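Text of query-v2.cif (mmCIF, C-alpha atoms) as supplied:
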data_query
#
loop_
_atom_site.label_atom_id
_atom_site.label_comp_id
_atom_site.auth_asym_id
_atom_site.auth_seq_id
_atom_site.Cartn_x
_atom_site.Cartn_y
_atom_site.Cartn_z
CA MET N 1 7.94 -1.79 19.97
CA SER N 2 11.47 -2.44 21.17
CA SER N 3 14.33 -2.43 18.72
CA THR N 4 15.01 -6.07 19.61
CA LYS N 5 11.49 -7.01 18.58
CA ILE N 6 11.74 -4.93 15.42
CA LYS N 7 14.96 -6.71 14.51
CA GLU N 8 13.31 -10.05 15.18
CA LEU N 9 10.38 -9.23 12.90
CA TYR N 10 12.70 -7.98 10.19
CA GLU N 11 14.82 -11.12 10.24
CA LYS N 12 11.72 -13.28 10.28
CA TYR N 13 9.60 -11.63 7.59
CA GLY N 14 11.80 -9.17 5.73
CA PHE N 15 12.76 -11.62 2.99
CA LEU N 16 9.09 -12.45 2.29
CA ILE N 17 8.12 -8.78 1.96
CA TYR N 18 11.14 -7.97 -0.17
CA GLY N 19 10.65 -11.01 -2.40
CA GLN N 20 7.04 -10.10 -3.08
CA CYS N 21 7.88 -6.45 -3.81
CA ARG N 22 10.84 -7.36 -6.02
CA ALA N 23 8.68 -9.73 -8.04
CA ILE N 24 6.17 -6.98 -8.78
CA LEU N 25 8.33 -3.88 -9.03
CA LYS N 26 11.36 -5.54 -10.66
CA SER N 27 13.74 -2.81 -9.48
CA GLU N 28 15.86 -3.43 -6.36
CA ASP N 29 15.64 0.23 -5.33
CA ASP N 30 11.87 0.25 -5.66
CA ALA N 31 11.60 -3.01 -3.80
CA LYS N 32 13.73 -1.63 -0.96
CA ASP N 33 11.47 1.42 -0.69
CA ALA N 34 8.40 -0.77 -0.71
CA LEU N 35 9.95 -3.12 1.87
CA GLN N 36 10.42 -0.20 4.22
CA VAL N 37 6.84 0.99 3.83
CA VAL N 38 5.25 -2.44 4.21
CA PHE N 39 7.54 -3.34 7.10
CA MET N 40 6.52 -0.17 8.92
CA GLN N 41 2.94 -1.28 8.48
CA LEU N 42 3.78 -4.70 9.84
CA MET N 43 5.43 -3.21 12.89
CA SER N 44 2.29 -1.26 13.68
CA LYS N 45 -0.13 -4.06 12.86
CA TYR N 46 1.68 -7.10 14.25
CA HIS N 47 0.44 -6.89 17.82
CA THR N 48 -3.18 -6.68 16.60
CA ILE N 49 -2.98 -9.97 14.66
CA SER N 50 -3.90 -12.48 17.36
CA ASP N 51 -3.77 -15.52 15.07
CA LYS N 52 -0.19 -15.46 13.85
CA SER N 53 -0.95 -17.88 11.03
CA LYS N 54 -2.65 -14.89 9.39
CA VAL N 55 0.56 -12.86 9.27
CA ILE N 56 1.82 -14.48 6.05
CA PRO N 57 -1.43 -13.84 4.10
CA TRP N 58 -1.44 -10.29 5.49
CA ILE N 59 2.09 -9.74 4.20
CA TYR N 60 1.24 -11.01 0.72
CA ASN N 61 -1.88 -8.88 0.54
CA THR N 62 -0.36 -5.67 1.89
CA ALA N 63 2.81 -5.90 -0.19
CA LYS N 64 0.82 -6.64 -3.32
CA ASN N 65 -1.57 -3.73 -2.79
CA HIS N 66 1.22 -1.32 -2.04
CA CYS N 67 3.25 -2.33 -5.08
CA PHE N 68 0.22 -2.08 -7.33
CA ASN N 69 -0.27 1.43 -6.01
CA VAL N 70 3.35 2.23 -6.76
CA LEU N 71 2.98 0.99 -10.33
CA ARG N 72 -0.29 2.79 -10.73
CA PHE N 73 1.18 6.05 -9.49
CA ARG N 74 4.10 5.73 -11.83
CA LYS N 75 2.30 4.21 -14.78
CA LYS N 76 5.38 2.09 -14.97
CA PHE N 77 4.64 -0.54 -17.53
CA ASP N 78 5.80 -0.86 -21.03
CA THR N 79 2.86 -0.57 -23.35
CA ALA N 80 5.08 -1.45 -26.30
CA ASP N 81 5.20 -5.03 -25.03
CA ILE N 82 1.43 -5.27 -25.16
CA ALA N 83 1.47 -4.91 -28.93
CA LEU N 84 3.00 -8.36 -29.16
CA LEU N 85 0.32 -10.07 -27.14
CA LYS N 86 -2.13 -12.50 -28.62
CA SER N 87 -5.45 -13.39 -27.11
CA ASP N 88 -6.52 -16.53 -28.85
CA SER N 89 -5.35 -19.06 -26.32
CA GLU N 90 -7.07 -20.50 -23.28
CA LYS N 91 -4.20 -20.30 -20.82
CA ILE N 92 -3.27 -16.80 -19.72
CA ASP N 93 0.15 -17.83 -18.46
CA ASP N 94 0.93 -19.57 -21.76
CA LEU N 95 0.41 -16.30 -23.60
CA PHE N 96 1.88 -13.71 -21.32
CA CYS N 97 4.88 -13.43 -19.10
CA LYS N 98 4.44 -12.29 -15.50
CA LYS N 99 5.28 -8.67 -16.25
CA GLU N 100 2.62 -8.60 -18.95
CA ILE N 101 0.08 -10.21 -16.66
CA ILE N 102 0.76 -7.51 -14.08
CA THR N 103 0.23 -4.89 -16.78
CA LEU N 104 -3.04 -6.46 -17.82
CA VAL N 105 -4.13 -6.82 -14.24
CA LEU N 106 -3.55 -3.15 -13.50
CA SER N 107 -5.89 -2.32 -16.35
CA GLN N 108 -8.68 -4.05 -14.55
CA TYR N 109 -10.69 -1.91 -12.21
CA ASN N 110 -12.30 -4.69 -10.26
CA LYS N 111 -10.07 -5.47 -7.30
CA ASN N 112 -11.35 -9.03 -6.88
CA ILE N 113 -10.59 -9.91 -10.49
CA ARG N 114 -7.19 -8.25 -10.20
CA ASP N 115 -6.32 -10.24 -7.11
CA ALA N 116 -7.55 -13.53 -8.53
CA VAL N 117 -5.56 -13.12 -11.74
CA TYR N 118 -2.38 -11.86 -10.10
CA LEU N 119 -2.29 -14.46 -7.34
CA THR N 120 -3.09 -17.31 -9.75
CA TYR N 121 -0.82 -16.53 -12.69
CA VAL N 122 1.98 -14.48 -11.17
CA GLU N 123 2.30 -15.89 -7.67
CA GLY N 124 1.12 -19.39 -8.59
CA PHE N 125 -1.17 -19.78 -5.58
CA ASN N 126 -3.97 -22.30 -5.63
CA GLN N 127 -7.53 -21.28 -4.93
CA GLU N 128 -7.47 -22.25 -1.26
CA GLU N 129 -4.38 -20.11 -0.73
CA ILE N 130 -6.03 -17.21 -2.54
CA ARG N 131 -9.04 -17.62 -0.29
CA LYS N 132 -6.79 -17.24 2.77
CA ILE N 133 -5.20 -14.10 1.37
CA THR N 134 -8.23 -12.35 -0.07
CA GLY N 135 -11.27 -13.98 1.46
CA GLN N 136 -12.71 -14.87 -1.97
CA SER N 137 -14.26 -18.32 -2.20
CA PRO N 138 -12.84 -20.77 -4.77
CA ALA N 139 -16.06 -20.45 -6.78
CA THR N 140 -15.71 -16.68 -6.84
CA ILE N 141 -12.07 -16.97 -7.84
CA ARG N 142 -12.96 -19.25 -10.77
CA ARG N 143 -15.69 -16.87 -11.82
CA ASN N 144 -13.35 -13.88 -11.66
CA LEU N 145 -10.70 -15.66 -13.72
CA GLY N 146 -13.37 -16.41 -16.30
CA ARG N 147 -14.48 -12.77 -16.35
CA PHE N 148 -10.93 -11.63 -16.87
CA LYS N 149 -10.39 -13.92 -19.84
CA LYS N 150 -13.65 -12.73 -21.34
CA LYS N 151 -12.64 -9.06 -20.94
CA LEU N 152 -9.14 -9.62 -22.26
CA PRO N 153 -9.75 -8.53 -25.87
CA HIS N 154 -11.27 -5.24 -24.65
CA ILE N 155 -8.40 -4.65 -22.23
CA LEU N 156 -5.81 -5.25 -24.92
CA LYS N 157 -7.59 -2.91 -27.29
CA ARG N 158 -7.75 -0.17 -24.68
CA ILE N 159 -4.09 -0.52 -23.72
CA GLN N 160 -2.99 -0.45 -27.34
CA SER N 161 -4.97 2.71 -27.97
CA GLU N 162 -3.43 4.57 -24.99
CA MET F 1 -5.03 -29.19 6.52
CA ASN F 2 -5.13 -31.48 3.52
CA ASN F 3 -2.59 -34.27 3.21
CA HIS F 4 -0.37 -31.98 1.19
CA PRO F 5 0.14 -28.52 2.69
CA ASP F 6 -0.09 -25.39 0.56
CA LYS F 7 2.59 -22.71 0.24
CA LEU F 8 1.04 -20.48 2.90
CA GLU F 9 1.01 -23.32 5.42
CA LEU F 10 4.59 -24.24 4.64
CA THR F 11 5.68 -20.61 4.90
CA ALA F 12 3.88 -20.25 8.24
CA TYR F 13 5.65 -23.41 9.39
CA PHE F 14 8.96 -21.95 8.29
CA THR F 15 8.34 -18.69 10.18
CA HIS F 16 7.04 -20.58 13.25
CA ASP F 17 3.57 -19.06 12.90
CA CYS F 18 1.48 -22.21 13.03
CA SER F 19 -0.08 -24.04 15.95
CA GLU F 20 1.75 -26.82 17.80
CA THR F 21 -0.54 -29.43 16.26
CA ALA F 22 -0.03 -28.09 12.75
CA ARG F 23 3.68 -27.88 13.38
CA ASN F 24 3.95 -31.52 14.36
CA THR F 25 1.88 -32.61 11.37
CA LEU F 26 3.93 -30.52 8.97
CA GLN F 27 7.18 -31.70 10.44
CA LYS F 28 6.20 -35.33 9.87
CA HIS F 29 4.99 -34.57 6.35
CA CYS F 30 8.08 -32.62 5.31
CA SER F 31 10.37 -35.38 6.54
CA LYS F 32 8.79 -37.66 3.94
CA CYS F 33 7.86 -35.28 1.12
CA PRO F 34 10.76 -34.17 -1.11
CA SER F 35 8.86 -31.30 -2.78
CA CYS F 36 7.77 -29.72 0.52
CA ALA F 37 11.23 -30.23 1.99
CA ASP F 38 12.65 -28.58 -1.10
CA TYR F 39 10.26 -25.62 -0.72
CA LEU F 40 11.45 -25.10 2.84
CA ARG F 41 15.06 -25.24 1.71
CA ARG F 42 14.31 -22.57 -0.89
CA LEU F 43 12.74 -20.33 1.73
CA ASP F 44 15.77 -20.79 3.93
CA SER F 45 18.07 -19.97 1.05
CA GLU F 46 16.09 -16.85 0.14
CA LYS F 47 16.10 -15.71 3.75
CA SER F 48 19.85 -16.19 4.08
CA ALA F 49 20.54 -14.38 0.82
CA PHE F 50 18.28 -11.50 1.84
CA LEU F 51 19.87 -11.07 5.28
CA GLU F 52 23.32 -11.26 3.78
CA ARG F 53 22.43 -8.60 1.25
CA PHE F 54 20.40 -6.44 3.68
CA PRO F 55 21.52 -7.34 7.20
CA SER F 56 19.45 -6.07 10.09
CA SER F 57 22.52 -4.26 11.44
CA ASP F 58 22.40 -2.00 8.36
CA GLN F 59 18.78 -1.08 8.83
CA ASN F 60 17.85 2.18 10.52
CA PHE F 61 15.48 0.80 13.08
CA GLY F 62 16.51 3.33 15.68
CA ARG F 63 17.91 6.07 13.53
CA GLU F 64 16.59 8.47 10.96
CA SER F 65 16.28 6.73 7.68
CA LYS F 66 15.97 8.17 4.26
CA ILE F 67 13.06 6.83 2.42
CA ARG F 68 13.70 7.76 -1.09
CA PRO F 69 10.48 9.37 -2.22
CA LEU F 70 9.11 7.92 -5.39
CA PHE F 71 8.76 11.39 -6.75
CA PRO F 72 11.28 14.09 -5.90
CA ARG F 73 9.63 16.83 -3.90
CA PRO F 74 10.83 20.32 -3.33
CA LEU F 75 11.39 20.84 0.36
CA TYR F 76 8.83 23.60 0.61
CA ALA F 77 6.21 21.12 -0.51
CA LEU F 78 6.96 19.10 2.58
CA ALA F 79 6.23 21.99 4.90
CA ALA F 80 2.81 20.90 5.82
CA SER F 81 1.97 18.04 7.94
CA LEU F 82 0.45 14.78 7.17
CA VAL F 83 -2.85 13.52 6.26
CA LEU F 84 -4.49 10.30 6.79
CA LEU F 85 -6.60 9.19 4.00
CA LEU F 86 -9.64 7.13 4.44
CA GLY F 87 -11.43 5.06 2.02
CA GLY F 88 -14.38 6.99 0.85
CA TYR F 89 -13.70 9.86 3.13
CA LEU F 90 -11.25 11.41 5.44
CA ILE F 91 -11.89 12.44 8.91
CA PHE F 92 -10.30 15.70 9.56
CA GLN F 93 -10.68 17.70 12.66
CA HIS F 94 -11.27 21.37 12.93
CA THR F 95 -9.05 22.91 15.55
CA VAL F 96 -11.93 23.33 17.98
CA SER F 97 -12.65 19.60 18.10
CA GLY F 98 -10.72 16.90 19.86
CA PRO F 99 -7.84 14.94 18.36
CA GLU F 100 -9.99 12.15 17.04
CA TYR F 101 -9.04 10.40 13.89
CA ARG F 102 -11.64 7.68 13.79
CA THR F 103 -14.04 7.74 10.91
CA LYS F 104 -17.59 6.68 10.53
CA GLY F 105 -18.56 3.16 9.64
CA GLU F 106 -15.83 0.78 8.62
CA SER F 107 -13.27 3.35 7.56
CA ASP F 108 -10.25 3.93 9.62
CA LEU F 109 -7.23 6.06 9.37
CA ALA F 110 -3.90 6.52 10.95
CA VAL F 111 -0.71 8.39 10.34
CA TYR F 112 2.56 6.71 11.14
CA VAL F 113 5.35 8.90 12.19
CA LYS F 114 8.95 7.98 12.67
CA THR F 115 10.15 10.46 15.21
CA GLN F 116 13.64 11.82 15.51
CA SER F 117 14.31 9.35 18.30
CA GLY F 118 13.51 6.51 15.92
CA GLU F 119 10.14 5.45 17.30
CA ILE F 120 7.37 4.58 14.93
CA ARG F 121 3.95 5.38 16.23
CA GLU F 122 0.49 6.40 15.27
CA ARG F 123 0.08 10.16 15.54
CA LYS F 124 -3.23 11.09 17.09
CA SER F 125 -2.68 14.77 17.52
CA ARG F 126 -2.43 17.31 14.74
CA ILE F 127 0.82 18.84 15.83
CA PHE F 128 4.00 17.94 14.04
CA THR F 129 7.58 19.02 14.15
CA PRO F 130 10.25 19.60 11.52
CA GLY F 131 12.31 16.59 10.53
CA GLU F 132 9.66 14.00 11.28
CA GLN F 133 9.17 11.32 8.67
CA VAL F 134 5.61 10.38 8.03
CA GLN F 135 3.68 7.76 6.17
CA PHE F 136 0.04 7.97 5.19
CA THR F 137 -2.31 5.04 5.25
CA TYR F 138 -5.78 4.97 3.85
CA THR F 139 -8.89 2.87 3.60
CA CYS F 140 -11.10 3.22 0.59
CA GLY F 141 -13.97 1.60 -1.21
CA ALA F 142 -15.97 2.87 -4.16
CA LYS F 143 -14.66 6.43 -3.85
CA ASN F 144 -11.10 5.47 -4.67
CA LYS F 145 -10.06 8.46 -6.79
CA LEU F 146 -8.04 10.94 -4.81
CA ILE F 147 -6.81 14.49 -4.88
CA LEU F 148 -4.89 15.81 -1.92
CA LEU F 149 -3.72 19.37 -1.63
CA SER F 150 -3.06 21.96 1.00
CA ILE F 151 -3.24 25.73 1.36
CA ASP F 152 -1.28 27.76 3.88
CA GLU F 153 -2.07 31.02 5.61
CA GLU F 154 -0.53 32.96 2.74
CA GLY F 155 -2.76 31.27 0.21
CA LYS F 156 -0.05 29.12 -1.28
CA ILE F 157 -1.39 25.83 -2.63
CA THR F 158 0.56 22.59 -2.83
CA THR F 159 -0.78 19.51 -4.59
CA TYR F 160 0.45 16.25 -3.02
CA TYR F 161 -1.57 13.76 -5.00
CA PRO F 162 -1.40 13.45 -7.91
CA GLU F 163 2.24 14.40 -8.02
CA ASN F 164 1.95 14.76 -11.77
CA GLY F 165 -1.08 14.63 -13.99
CA ALA F 166 -4.25 16.59 -14.37
CA GLY F 167 -6.75 14.31 -12.66
CA SER F 168 -7.38 12.30 -9.52
CA VAL F 169 -5.10 9.41 -8.78
CA GLU F 170 -6.72 6.01 -8.48
CA LEU F 171 -6.03 3.98 -5.37
CA GLU F 172 -6.20 0.30 -4.60
CA LYS F 173 -9.31 -0.36 -2.56
CA GLY F 174 -8.71 -1.81 0.85
CA GLN F 175 -8.05 -1.04 4.46
CA ASN F 176 -5.05 0.61 6.06
CA LEU F 177 -3.03 0.64 2.89
CA PRO F 178 0.06 2.82 2.73
CA LEU F 179 0.34 5.54 0.15
CA PRO F 180 3.49 5.06 -1.90
CA ASN F 181 5.28 8.16 -0.76
CA SER F 182 6.52 9.15 2.63
CA ILE F 183 7.41 12.69 3.53
CA ILE F 184 10.08 14.28 5.66
CA LEU F 185 8.83 17.48 7.21
CA ASP F 186 10.83 20.59 6.54
CA ASP F 187 11.31 23.65 8.74
CA TYR F 188 8.13 25.50 7.94
CA ILE F 189 6.25 26.58 11.07
CA GLY F 190 2.60 27.58 10.92
CA LYS F 191 -0.91 26.50 10.04
CA GLU F 192 -1.93 24.73 6.90
CA LEU F 193 -5.26 23.43 5.70
CA PHE F 194 -5.26 20.05 4.00
CA ILE F 195 -8.10 19.29 1.67
CA VAL F 196 -8.74 15.77 0.47
CA VAL F 197 -11.24 14.83 -2.17
CA PHE F 198 -12.30 11.22 -2.58
CA SER F 199 -14.50 10.54 -5.57
CA GLU F 200 -15.94 7.72 -7.58
CA LYS F 201 -14.85 9.32 -10.86
CA PRO F 202 -11.62 11.20 -11.60
CA LEU F 203 -11.78 14.93 -11.01
CA SER F 204 -9.73 17.73 -12.47
CA VAL F 205 -6.93 18.95 -10.22
CA SER F 206 -7.07 22.45 -11.67
CA LEU F 207 -10.81 22.65 -11.02
CA ILE F 208 -10.30 21.83 -7.36
CA ARG F 209 -7.31 24.15 -7.01
CA ASN F 210 -9.07 27.07 -8.68
CA ARG F 211 -12.11 26.65 -6.51
CA VAL F 212 -10.04 26.53 -3.33
CA VAL F 213 -8.06 29.62 -4.31
CA ARG F 214 -11.19 31.55 -5.24
CA GLN F 215 -12.94 30.73 -1.97
CA PHE F 216 -9.89 31.45 0.19
CA SER F 217 -9.09 34.71 -1.59
CA SER F 218 -12.47 36.24 -0.82
CA LYS F 219 -11.84 36.49 2.94
CA LYS F 220 -8.32 35.09 3.44
CA ASP F 221 -9.92 32.68 5.84
CA PHE F 222 -9.75 28.88 5.83
CA SER F 223 -13.36 28.66 7.01
CA SER F 224 -14.53 30.24 3.74
CA ILE F 225 -13.39 27.16 1.82
CA ASP F 226 -16.38 24.93 1.27
CA LEU F 227 -16.17 22.56 -1.68
CA ASP F 228 -19.46 21.03 -2.67
CA LEU F 229 -18.77 18.52 -5.40
CA GLY F 230 -21.77 16.22 -5.34
CA ASP F 231 -22.88 12.99 -3.74
CA ASP F 232 -20.26 10.80 -5.34
CA THR F 233 -17.45 12.72 -3.69
CA ARG F 234 -16.31 13.19 -0.18
CA VAL F 235 -14.37 16.27 0.88
CA LYS F 236 -12.60 16.61 4.14
CA LYS F 237 -10.46 19.36 5.61
CA LEU F 238 -7.82 19.27 8.29
CA LEU F 239 -6.20 22.26 9.88
CA ILE F 240 -2.81 21.36 11.25
CA THR F 241 0.01 23.13 12.98
CA LYS F 242 3.72 22.74 12.49
CA ALA F 243 5.32 23.47 15.79
CA GLY F 244 8.92 24.13 16.55
CA THR F 245 9.25 21.75 19.50
CA ASP F 246 8.75 18.02 19.84
CA GLN F 247 5.34 16.91 21.09
#
Mind turning this structure into structure tokens?
Amino acid sequence: MSSTKIKELYEKYGFLIYGQCRAILKSEDDAKDALQVVFMQLMSKYHTISDKSKVIPWIYNTAKNHCFNVLRFRKKFDTADIALLKSDSEKIDDLFCKKEIITLVLSQYNKNIRDAVYLTYVEGFNQEEIRKITGQSPATIRRNLGRFKKKLPHILKRIQSE
Amino acid sequence: MNNHPDKLELTAYFTHDCSETARNTLQKHCSKCPSCADYLRRLDSEKSAFLERFPSSDQNFGRESKIRPLFPRPLYALAASLVLLLGGYLIFQHTVSGPEYRTKGESDLAVYVKTQSGEIRERKSRIFTPGEQVQFTYTCGAKNKLILLSIDEEGKITTYYPENGAGSVELEKGQNLPLPNSIILDDYIGKELFIVVFSEKPLSVSLIRNRVVRQFSSKKDFSSIDLDLGDDTRVKKLLITKAGTDQ
């Protein structure tokens, strides 16, 4: 890929990748590292995406997965915050801030549930948007959100005991 | 598209990634919808702020860049080459077979290398040179617990993943996902055997290391290493060469 094309892609999509990574990783340095990694992936993958309307969902998905891996590798979440959480409300995003939701989400081992929860409560996507990013149907997304809420007391107990 | 576009549609409109028909429809809608127009303004503002903070002229598209590794690594640990990790299993080639990196079924793998001339490309051979910066990608499904280590001709073992910790590292399932760390190759020249273990459950790093050392020590031969860890694991080996000249 020519350097002109690389520059064009960077100026077009860089802010989206960085914004997503910054939202998850919180640190500017970490987000810059993640931007570089995800952008390298985009440079390699871009010519294979024939329908360019799929580039934006690809960016969201790839950046999210990479940043979750980063957090998982580092175990970088503050378990002390979890002690303050309550689980007796219906609305997840009424109870927990985005950082806490990310923490809870990383405790989940089912990728589909993780994606549904993160994209709904942290990114604020609707179910149709989540379907474009992950391929899950709206019915599956609703079911996965329900499963997460049901598992929440067990997740909190496990985190607090770690 | 519904009457009111979603964020992905608006973002695709902003980045000029939608069809001509969708573009015209969105243009008409946004000229009348304050909230969508406001969303586009926010995207524009974020883009401007980002490019002002991190202009493209400052990025090392054509030069060596320093990716700060997430974990500091001693240089000797970077001696070996790179591995591509597949979901479920790795495909590694013995030196007698061709430079094929494709895996069975749906898994795929690739290694991205940023060469000293600044190009980023998929590396399909197993020969690498000092100073190259590499990035692993992987695809994984149920066997998403990983240990990656290598052993050189002198029997020295280096564990790459996990960097710290006693057990396998858990990966996000998916396709062609990058591993968090990139590596800059140091000056070591020679052969090194990479061993990757994908498993459904976490395994002990010391168990794997001890077994590799024991098997290698018996004959000082890479071919004597044969990990058999059960049906819920997948072990792959790759013999690579660090060469002194660019390939």
Output of the PyMOL selection byres ((chain F) within 9 of (chain N)), listed as an mmCIF file with C-alpha atoms, in the coordinates of the input:
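And here's result_12.cif as it stands now:
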data_model
loop_
_atom_site.group_PDB
_atom_site.id
_atom_site.type_symbol
_atom_site.label_atom_id
_atom_site.label_comp_id
_atom_site.auth_asym_id
_atom_site.auth_seq_id
_atom_site.Cartn_x
_atom_site.Cartn_y
_atom_site.Cartn_z
ATOM 1 C CA ASP F 6 -0.090 -25.390 0.560
ATOM 2 C CA LYS F 7 2.590 -22.710 0.240
ATOM 3 C CA LEU F 8 1.040 -20.480 2.900
ATOM 4 C CA GLU F 9 1.010 -23.320 5.420
ATOM 5 C CA THR F 11 5.680 -20.610 4.900
ATOM 6 C CA ALA F 12 3.880 -20.250 8.240
ATOM 7 C CA TYR F 13 5.650 -23.410 9.390
ATOM 8 C CA THR F 15 8.340 -18.690 10.180
ATOM 9 C CA HIS F 16 7.040 -20.580 13.250
ATOM 10 C CA ASP F 17 3.570 -19.060 12.900
ATOM 11 C CA CYS F 18 1.480 -22.210 13.030
ATOM 12 C CA SER F 19 -0.080 -24.040 15.950
ATOM 13 C CA LEU F 43 12.740 -20.330 1.730
ATOM 14 C CA GLU F 46 16.090 -16.850 0.140
ATOM 15 C CA LYS F 47 16.100 -15.710 3.750
ATOM 16 C CA SER F 48 19.850 -16.190 4.080
ATOM 17 C CA ALA F 49 20.540 -14.380 0.820
ATOM 18 C CA PHE F 50 18.280 -11.500 1.840
ATOM 19 C CA LEU F 51 19.870 -11.070 5.280
ATOM 20 C CA PRO F 55 21.520 -7.340 7.200
ATOM 21 C CA SER F 56 19.450 -6.070 10.090
ATOM 22 C CA SER F 57 22.520 -4.260 11.440
ATOM 23 C CA GLN F 59 18.780 -1.080 8.830
ATOM 24 C CA PHE F 61 15.480 0.800 13.080
ATOM 25 C CA GLY F 62 16.510 3.330 15.680
ATOM 26 C CA ILE F 67 13.060 6.830 2.420
ATOM 27 C CA ARG F 68 13.700 7.760 -1.090
ATOM 28 C CA PRO F 69 10.480 9.370 -2.220
ATOM 29 C CA LEU F 70 9.110 7.920 -5.390
ATOM 30 C CA PHE F 71 8.760 11.390 -6.750
ATOM 31 C CA TYR F 112 2.560 6.710 11.140
ATOM 32 C CA GLU F 119 10.140 5.450 17.300
ATOM 33 C CA ILE F 120 7.370 4.580 14.930
ATOM 34 C CA ARG F 121 3.950 5.380 16.230
ATOM 35 C CA GLU F 122 0.490 6.400 15.270
ATOM 36 C CA GLN F 135 3.680 7.760 6.170
ATOM 37 C CA THR F 137 -2.310 5.040 5.250
ATOM 38 C CA PRO F 162 -1.400 13.450 -7.910
ATOM 39 C CA GLU F 163 2.240 14.400 -8.020
ATOM 40 C CA VAL F 169 -5.100 9.410 -8.780
ATOM 41 C CA GLU F 170 -6.720 6.010 -8.480
ATOM 42 C CA LEU F 171 -6.030 3.980 -5.370
ATOM 43 C CA GLU F 172 -6.200 0.300 -4.600
ATOM 44 C CA LYS F 173 -9.310 -0.360 -2.560
ATOM 45 C CA GLY F 174 -8.710 -1.810 0.850
ATOM 46 C CA ASN F 176 -5.050 0.610 6.060
ATOM 47 C CA LEU F 177 -3.030 0.640 2.890
ATOM 48 C CA PRO F 178 0.060 2.820 2.730
ATOM 49 C CA LEU F 179 0.340 5.540 0.150
ATOM 50 C CA PRO F 180 3.490 5.060 -1.900
ATOM 51 C CA ASN F 181 5.280 8.160 -0.760
ATOM 52 C CA SER F 182 6.520 9.150 2.630
#
task = Provide the CA of Val212 (chain F) to CA of Leu146 (chain F) distance in Å, to one decimal place.
result = 15.8 Å
message = Can you tell me which residues surround Ile189 (chain F) at a distance of at most 8 Å, considering only C-alpha atoms, apart from same-chain residues fewer than 4 positions away, and format the answer as an MDAnalysis selection string?
response = chainID F and resid 79 241:244
remark   = Judged by only C-alpha atoms, the minimum distance to Thr233 (chain F) among F:Asn24, F:Ser204, F:Ser199, F:Ser218 is found for F:Ser199
Closest of N:Tyr46, N:Leu145, N:Ala139, N:Leu35 to Thr120 (chain N) - atom-to-atom distances counting all atoms listed in the file = N:Leu145
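Take CA of Ala31 (chain N) and CA of Ile17 (chain N): the distance between them is 8.9 Å.
For the atom pair formed by CA of Val196 (chain F) and CA of Gly131 (chain F), the distance is 23.3 Å, given to one decimal.
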query = Could you tell me, as a ChimeraX atom specification, which residues have any atom at most 8 Å from (-14.9, 23.2, 1.6), counting all atoms listed in the file?
reply = /F:195,212,223-228,235-237
Region 17-33 of chain F: axis-aligned bounding box, 5 Å on each side, centre and edge lengths in Å, one decimal, as lines of an AutoDock Vina configuration file:
center_x = 4.9
center_y = -28.4
center_z = 9.5
size_x = 20.9
size_y = 28.6
size_z = 26.7
Could you tell me which residues the PyMOL selection byres ((chain N and resi 24) around 8) grabs in this file, written as a short mmCIF file (atom, residue, chain, number, x, y, z; two decimals) with C-alpha atoms, in the coordinates of the input?
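Written file, result.cif:
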data_model
loop_
_atom_site.label_atom_id
_atom_site.label_comp_id
_atom_site.auth_asym_id
_atom_site.auth_seq_id
_atom_site.Cartn_x
_atom_site.Cartn_y
_atom_site.Cartn_z
CA GLN N 20 7.04 -10.10 -3.08
CA CYS N 21 7.88 -6.45 -3.81
CA ARG N 22 10.84 -7.36 -6.02
CA ALA N 23 8.68 -9.73 -8.04
CA LEU N 25 8.33 -3.88 -9.03
CA LYS N 26 11.36 -5.54 -10.66
CA LYS N 64 0.82 -6.64 -3.32
CA CYS N 67 3.25 -2.33 -5.08
CA PHE N 68 0.22 -2.08 -7.33
CA LYS N 99 5.28 -8.67 -16.25
CA ILE N 102 0.76 -7.51 -14.08
#
inquiry  = Applying the PyMOL selection byres ((chain N and resi 148) around 9) to the file I just gave you, which residues come out? Please list them as number ranges by chain.
reply    = N: 105, 108, 113-114, 117, 143-147, 149-152
